[in-house]
$ cat data_7.cif   # mmCIF, C-alpha atoms
data_final
loop_
_atom_site.label_atom_id
_atom_site.label_comp_id
_atom_site.auth_asym_id
_atom_site.auth_seq_id
_atom_site.Cartn_x
_atom_site.Cartn_y
_atom_site.Cartn_z
CA MET J 3 24.64 11.74 173.62
CA ASN J 4 27.56 13.07 175.70
CA ALA J 5 27.79 9.74 177.55
CA ALA J 6 28.13 7.89 174.24
CA LEU J 7 30.83 10.31 173.09
CA ILE J 8 32.75 9.91 176.34
CA LEU J 9 32.43 6.12 176.15
CA PHE J 10 33.74 6.17 172.57
CA ALA J 11 36.68 8.40 173.59
CA LEU J 12 37.50 6.06 176.49
CA PHE J 13 37.34 3.00 174.22
CA ALA J 14 39.64 4.70 171.70
CA ALA J 15 42.14 5.61 174.43
CA VAL J 16 42.21 2.05 175.79
CA ALA J 17 42.59 0.63 172.28
CA ALA J 18 45.43 3.06 171.55
CA ASP J 19 47.32 1.80 174.62
CA LYS J 20 47.36 -1.69 173.12
CA ILE J 21 49.03 -0.60 169.89
CA PRO J 22 52.78 -1.24 170.14
CA ASP J 23 55.05 1.82 170.01
CA PHE J 24 56.58 0.75 166.71
CA VAL J 25 53.17 0.73 164.97
CA VAL J 26 52.41 4.30 163.97
CA PRO J 27 49.72 6.13 161.98
CA GLY J 28 50.41 6.56 158.28
CA LYS J 29 51.52 4.53 155.29
CA CYS J 30 54.75 3.00 154.09
CA PRO J 31 56.80 5.36 151.92
CA VAL J 32 56.81 4.93 148.19
CA VAL J 33 59.82 2.87 147.14
CA ASP J 34 60.41 1.68 143.58
CA GLU J 35 60.79 -1.89 144.78
CA LYS J 36 60.32 -3.37 141.32
CA ALA J 37 63.24 -1.43 139.82
CA LEU J 38 65.47 -2.22 142.80
CA PHE J 39 64.56 -5.92 142.73
CA GLU J 40 65.11 -6.26 138.98
CA GLN J 41 68.49 -4.55 139.29
CA GLN J 42 69.56 -6.63 142.31
CA LYS J 43 68.18 -10.08 141.46
CA PRO J 44 71.09 -11.02 139.13
CA ASN J 45 73.47 -9.95 141.92
CA HIS J 46 71.89 -11.98 144.73
CA PRO J 47 74.85 -14.41 144.81
CA SER J 48 77.08 -11.39 145.56
CA PHE J 49 74.89 -10.46 148.55
CA ALA J 50 75.71 -13.80 150.21
CA GLY J 51 78.36 -13.96 152.91
CA VAL J 52 78.89 -12.17 156.20
CA TRP J 53 77.22 -8.86 157.09
CA TYR J 54 77.75 -7.08 160.41
CA GLU J 55 74.95 -4.95 161.80
CA ILE J 56 76.25 -1.39 162.19
CA ALA J 57 73.01 0.38 163.14
CA LEU J 58 69.26 -0.16 163.20
CA THR J 59 66.00 1.52 164.10
CA GLU J 60 64.01 0.26 167.08
CA ASN J 61 62.99 -3.31 166.37
CA PRO J 62 61.40 -5.50 169.06
CA TYR J 63 61.96 -8.57 166.87
CA GLN J 64 65.72 -8.09 166.78
CA LEU J 65 66.65 -10.06 169.90
CA LEU J 66 70.39 -9.59 169.35
CA GLU J 67 71.77 -6.33 170.71
CA LYS J 68 75.57 -6.50 170.43
CA CYS J 69 78.15 -8.07 168.14
CA VAL J 70 75.47 -8.91 165.55
CA ARG J 71 76.83 -10.93 162.66
CA ASN J 72 74.60 -12.18 159.83
CA GLU J 73 75.69 -14.96 157.54
CA TYR J 74 73.74 -15.51 154.33
CA ALA J 75 74.21 -18.57 152.10
CA PHE J 76 72.52 -18.29 148.69
CA ASP J 77 71.21 -21.51 147.09
CA GLY J 78 70.12 -20.01 143.77
CA THR J 79 66.63 -19.03 144.89
CA LYS J 80 66.85 -17.97 148.54
CA PHE J 81 69.30 -17.19 151.32
CA LYS J 82 69.71 -19.39 154.36
CA ALA J 83 70.28 -16.88 157.17
CA ARG J 84 72.03 -17.28 160.49
CA SER J 85 72.42 -14.37 162.86
CA THR J 86 74.63 -14.54 165.92
CA GLY J 87 75.33 -12.06 168.67
CA ILE J 88 74.73 -11.13 172.26
CA ALA J 89 71.17 -10.83 173.56
CA GLY J 90 69.97 -8.18 175.99
CA ASP J 91 70.63 -10.47 178.97
CA GLY J 92 74.30 -10.86 177.96
CA THR J 93 74.06 -14.42 176.63
CA MET J 94 75.30 -15.56 173.24
CA MET J 95 72.44 -16.27 170.88
CA ASN J 96 71.90 -17.75 167.42
CA ARG J 97 68.85 -17.11 165.26
CA ASN J 98 68.04 -18.97 162.08
CA GLY J 99 65.90 -17.90 159.18
CA GLN J 100 65.75 -17.28 155.49
CA ILE J 101 65.57 -14.42 153.03
CA LEU J 102 63.58 -15.30 149.94
CA PRO J 103 61.43 -13.79 147.21
CA MET J 104 58.11 -12.56 148.64
CA PRO J 105 55.71 -15.55 148.49
CA LEU J 106 52.82 -13.55 147.01
CA GLY J 107 54.94 -12.23 144.16
CA GLU J 108 55.65 -8.68 145.34
CA PRO J 109 58.87 -7.41 143.75
CA HIS J 110 61.17 -7.66 146.77
CA LEU J 111 62.69 -10.14 149.14
CA SER J 112 61.16 -11.14 152.46
CA VAL J 113 62.83 -12.06 155.73
CA ASP J 114 61.54 -14.95 157.82
CA TYR J 115 63.32 -15.64 161.12
CA GLU J 116 62.26 -17.96 163.91
CA GLU J 117 60.28 -16.19 166.65
CA SER J 118 59.18 -13.48 164.22
CA TRP J 119 56.89 -13.07 161.25
CA ILE J 120 57.66 -12.83 157.57
CA ALA J 121 58.32 -9.23 156.54
CA PRO J 122 59.49 -7.30 153.48
CA TYR J 123 63.27 -7.07 153.01
CA VAL J 124 64.14 -4.26 150.59
CA ILE J 125 67.77 -3.52 149.81
CA LEU J 126 67.70 0.23 149.20
CA ASP J 127 71.39 0.49 148.34
CA THR J 128 74.45 -1.76 148.37
CA ASP J 129 77.76 -2.17 146.59
CA TYR J 130 77.85 -5.85 147.69
CA GLU J 131 81.46 -5.46 148.89
CA ASN J 132 81.23 -2.92 151.72
CA PHE J 133 77.74 -1.86 152.79
CA ALA J 134 74.02 -2.51 152.53
CA CYS J 135 71.03 -0.36 153.54
CA VAL J 136 67.98 -2.55 154.21
CA TYR J 137 64.40 -1.40 154.80
CA SER J 138 61.27 -3.24 155.86
CA CYS J 139 57.79 -1.70 156.02
CA THR J 140 54.42 -3.33 156.63
CA GLU J 141 51.03 -1.61 156.45
CA TYR J 142 48.13 -2.60 158.68
CA ASN J 143 44.42 -1.88 158.71
CA PHE J 144 43.03 1.49 159.71
CA GLY J 145 45.99 3.54 158.44
CA TYR J 146 48.89 2.20 160.54
CA TYR J 147 52.31 0.87 159.58
CA SER J 148 55.59 -0.29 161.09
CA ASP J 149 59.02 0.03 159.56
CA PHE J 150 62.50 -1.17 160.44
CA SER J 151 65.83 -0.11 158.94
CA PHE J 152 69.32 -1.60 159.06
CA ILE J 153 72.82 -0.57 158.03
CA PHE J 154 75.11 -3.53 157.34
CA SER J 155 78.84 -3.76 156.65
CA ARG J 156 81.15 -6.53 155.47
CA SER J 157 83.40 -5.72 158.46
CA PRO J 158 82.65 -4.77 162.10
CA SER J 159 83.08 -1.07 161.23
CA LEU J 160 81.93 1.05 158.31
CA SER J 161 83.52 4.05 156.62
CA ASP J 162 81.66 7.36 156.84
CA LYS J 163 81.31 7.49 153.04
CA TYR J 164 79.18 4.32 153.11
CA ILE J 165 77.19 5.51 156.11
CA ARG J 166 76.41 8.66 154.09
CA ARG J 167 75.17 6.47 151.22
CA CYS J 168 72.73 4.80 153.62
CA GLU J 169 71.74 8.17 155.09
CA ALA J 170 70.88 9.34 151.58
CA ALA J 171 68.95 6.15 150.77
CA PHE J 172 66.90 6.34 153.96
CA SER J 173 66.39 10.11 153.76
CA ASN J 174 65.07 9.72 150.19
CA ILE J 175 62.14 7.70 151.53
CA GLY J 176 61.62 9.82 154.65
CA VAL J 177 63.30 7.69 157.33
CA ASP J 178 64.64 10.00 160.04
CA MET J 179 68.28 9.10 160.75
CA SER J 180 67.88 10.13 164.39
CA ARG J 181 65.86 6.91 164.84
CA PHE J 182 69.01 4.80 164.35
CA THR J 183 70.99 3.30 167.22
CA LYS J 184 74.54 2.12 166.67
CA THR J 185 75.11 -1.59 167.26
CA VAL J 186 78.12 -2.42 169.45
CA GLN J 187 80.78 -4.15 167.32
CA GLY J 188 84.56 -4.46 167.32
CA SER J 189 87.14 -5.47 169.89
CA SER J 190 84.54 -6.25 172.58
CA CYS J 191 83.10 -8.97 170.33
CA SER J 192 84.47 -12.48 170.02
CA TYR J 193 83.20 -13.43 166.58
CA ASP J 194 85.01 -16.79 166.54
CA SER J 195 82.95 -17.98 169.52
CA LEU J 196 79.72 -17.07 167.67
CA GLY J 197 80.31 -19.79 165.08
CA SER J 198 79.14 -20.00 161.48
CA PHE J 199 77.23 -22.35 159.16
#
$ encode --input "data_7.cif" --output "structure tokens"
Amino acid sequence: MNAALILFALFAAVAADKIPDFVVPGKCPVVDEKALFEQQKPNHPSFAGVWYEIALTENPYQLLEKCVRNEYAFDGTKFKARSTGIAGDGTMMNRNGQILPMPLGEPHLSVDYEESWIAPYVILDTDYENFACVYSCTEYNFGYYSDFSFIFSRSPSLSDKYIRRCEAAFSNIGVDMSRFTKTVQGSSCSYDSLGSF
């Protein structure tokens, strides 16, 4: 009996080591995605354009680390997305993808970039002209989930009043702001060399 218990404990420990750090026990927070989506859908054309990444939570699928610039072109149903920036090895990098209504009909957008998987894309708050607070959460079997959060700005910097709006939006759903890391932007970035659509 004790041998079986020890074997089970060992198996559980080995299995736990294979779970990535960003997958944690629990469930996604409750977000009124339907209300947000219904409110935002008529304004999707206003969400198009350039968005600079100001901060994000740990995200192994975000290969760009500095000078991250997202360009979204809206075609009436979905956004063509192009992200440019500097990768961890210091090279310039482009990533292409799309942001579109969730294929299975859930009331939110989804993000689908090359070298990643399709994931929820929930705009928690935006004024379309200055800032956007974006959240993505996916639940897995056996009571685990992963979530990623982003703060975007229409310029390479963002006023504190808009950062506080995102802090409030994320805090309302239980995202700890200490998880965020500021993305390097500004004078050290050469946005012209990153190109556009």
$ residues_around --input "data_7.cif" --residues "J:Gly78" --least-positions-apart "2" --cutoff "10 Å" --atoms "all atoms listed in the file" --output "MDAnalysis selection string"
chainID J and resid 46:47 75:76 80:81
$ resolve_selection --input "data_7.cif" --expression "the PyMOL selection byres ((chain J and resi 92) around 12)" --output "list in words"
Leu65, Leu66, Glu67, Lys68, Cys69, Gly87, Ile88, Ala89, Gly90, Asp91, Thr93, Met94, Met95 and Cys191 of chain J
$ residues_around --input "data_7.cif" --residues "J:Asn98" --least-positions-apart "4" --cutoff "9 Å" --atoms "only C-alpha atoms" --output "list in words"
Lys82, Ala83, Arg84, Ser85, Thr86, Asp114, Tyr115 and Glu116 of chain J
$ write_last_selection --input "data_7.cif" --atoms "C-alpha atoms" --output "PDB file, keeping the file's coordinate frame"
ATOM      1  CA  LYS J  82      69.710 -19.390 154.360  1.00  0.00           C
ATOM      2  CA  ALA J  83      70.280 -16.880 157.170  1.00  0.00           C
ATOM      3  CA  ARG J  84      72.030 -17.280 160.490  1.00  0.00           C
ATOM      4  CA  SER J  85      72.420 -14.370 162.860  1.00  0.00           C
ATOM      5  CA  THR J  86      74.630 -14.540 165.920  1.00  0.00           C
ATOM      6  CA  ASP J 114      61.540 -14.950 157.820  1.00  0.00           C
ATOM      7  CA  TYR J 115      63.320 -15.640 161.120  1.00  0.00           C
ATOM      8  CA  GLU J 116      62.260 -17.960 163.910  1.00  0.00           C
TER       9      GLU J 116
END
$ closest_residue --input "data_7.cif" --among "J:Val113, J:Val136, J:Asn72, J:Trp119" --to "J:Arg97" --atoms "all atoms listed in the file"
J:Asn72
$ resolve_selection --input "data_7.cif" --expression "the PyMOL selection byres ((chain J and resi 133) around 7)" --output "PyMOL selection string"
chain J and resi 128-132+134-135+154-156+164
$ closest_residue --input "data_7.cif" --among "J:Cys30, J:Val70, J:Leu58, J:Leu106" --to "J:Ser157" --atoms "all atoms listed in the file"
J:Val70
$ resolve_selection --input "data_7.cif" --expression "the PyMOL selection byres ((chain J and resi 146) around 9)" --output "PyMOL selection string"
chain J and resi 25-30+140-145+147-148
$ closest_residue --input "data_7.cif" --among "J:Tyr54, J:Glu108, J:Lys20, J:Pro62" --to "J:Phe39" --atoms "all atoms listed in the file"
J:Glu108
$ atom_distance --input "data_7.cif" --atom1 "atom CA of J:Glu73" --atom2 "atom CA of J:Val33"
26.0 Å
$ residues_around --input "data_7.cif" --residues "J:Ala170" --least-positions-apart "6" --cutoff "10 Å" --atoms "all atoms listed in the file" --output "MDAnalysis selection string"
chainID J and resid 126:127 135 164 176:177 179
$ closest_residue --input "data_7.cif" --among "J:Thr59, J:Ser161, J:Asn45, J:Ser173" --to "J:Thr79" --atoms "only C-alpha atoms"
J:Asn45
$ atom_distance --input "data_7.cif" --atom1 "atom CA of J:Asn61" --atom2 "atom CA of J:Gln100"
17.9 Å
$ atom_distance --input "data_7.cif" --atom1 "atom CA of J:Phe152" --atom2 "atom CA of J:Phe49"
14.8 Å
$ axis_aligned_box --input "data_7.cif" --around "stretch 139-148 of chain J" --padding-each-side "3 Å" --output "AutoDock Vina command-line options"
--center_x 50.4 --center_y 0.1 --center_z 158.6 --size_x 20.8 --size_y 12.9 --size_z 11.1
$ closest_residue --input "data_7.cif" --among "J:Gly188, J:Cys139, J:Pro122, J:Asp34" --to "J:Asn174" --atoms "all atoms listed in the file"
J:Asp34
$ closest_residue --input "data_7.cif" --among "J:Leu111, J:Ile56, J:Ile165, J:Ile120" --to "J:Gln42" --atoms "all atoms listed in the file"
J:Leu111
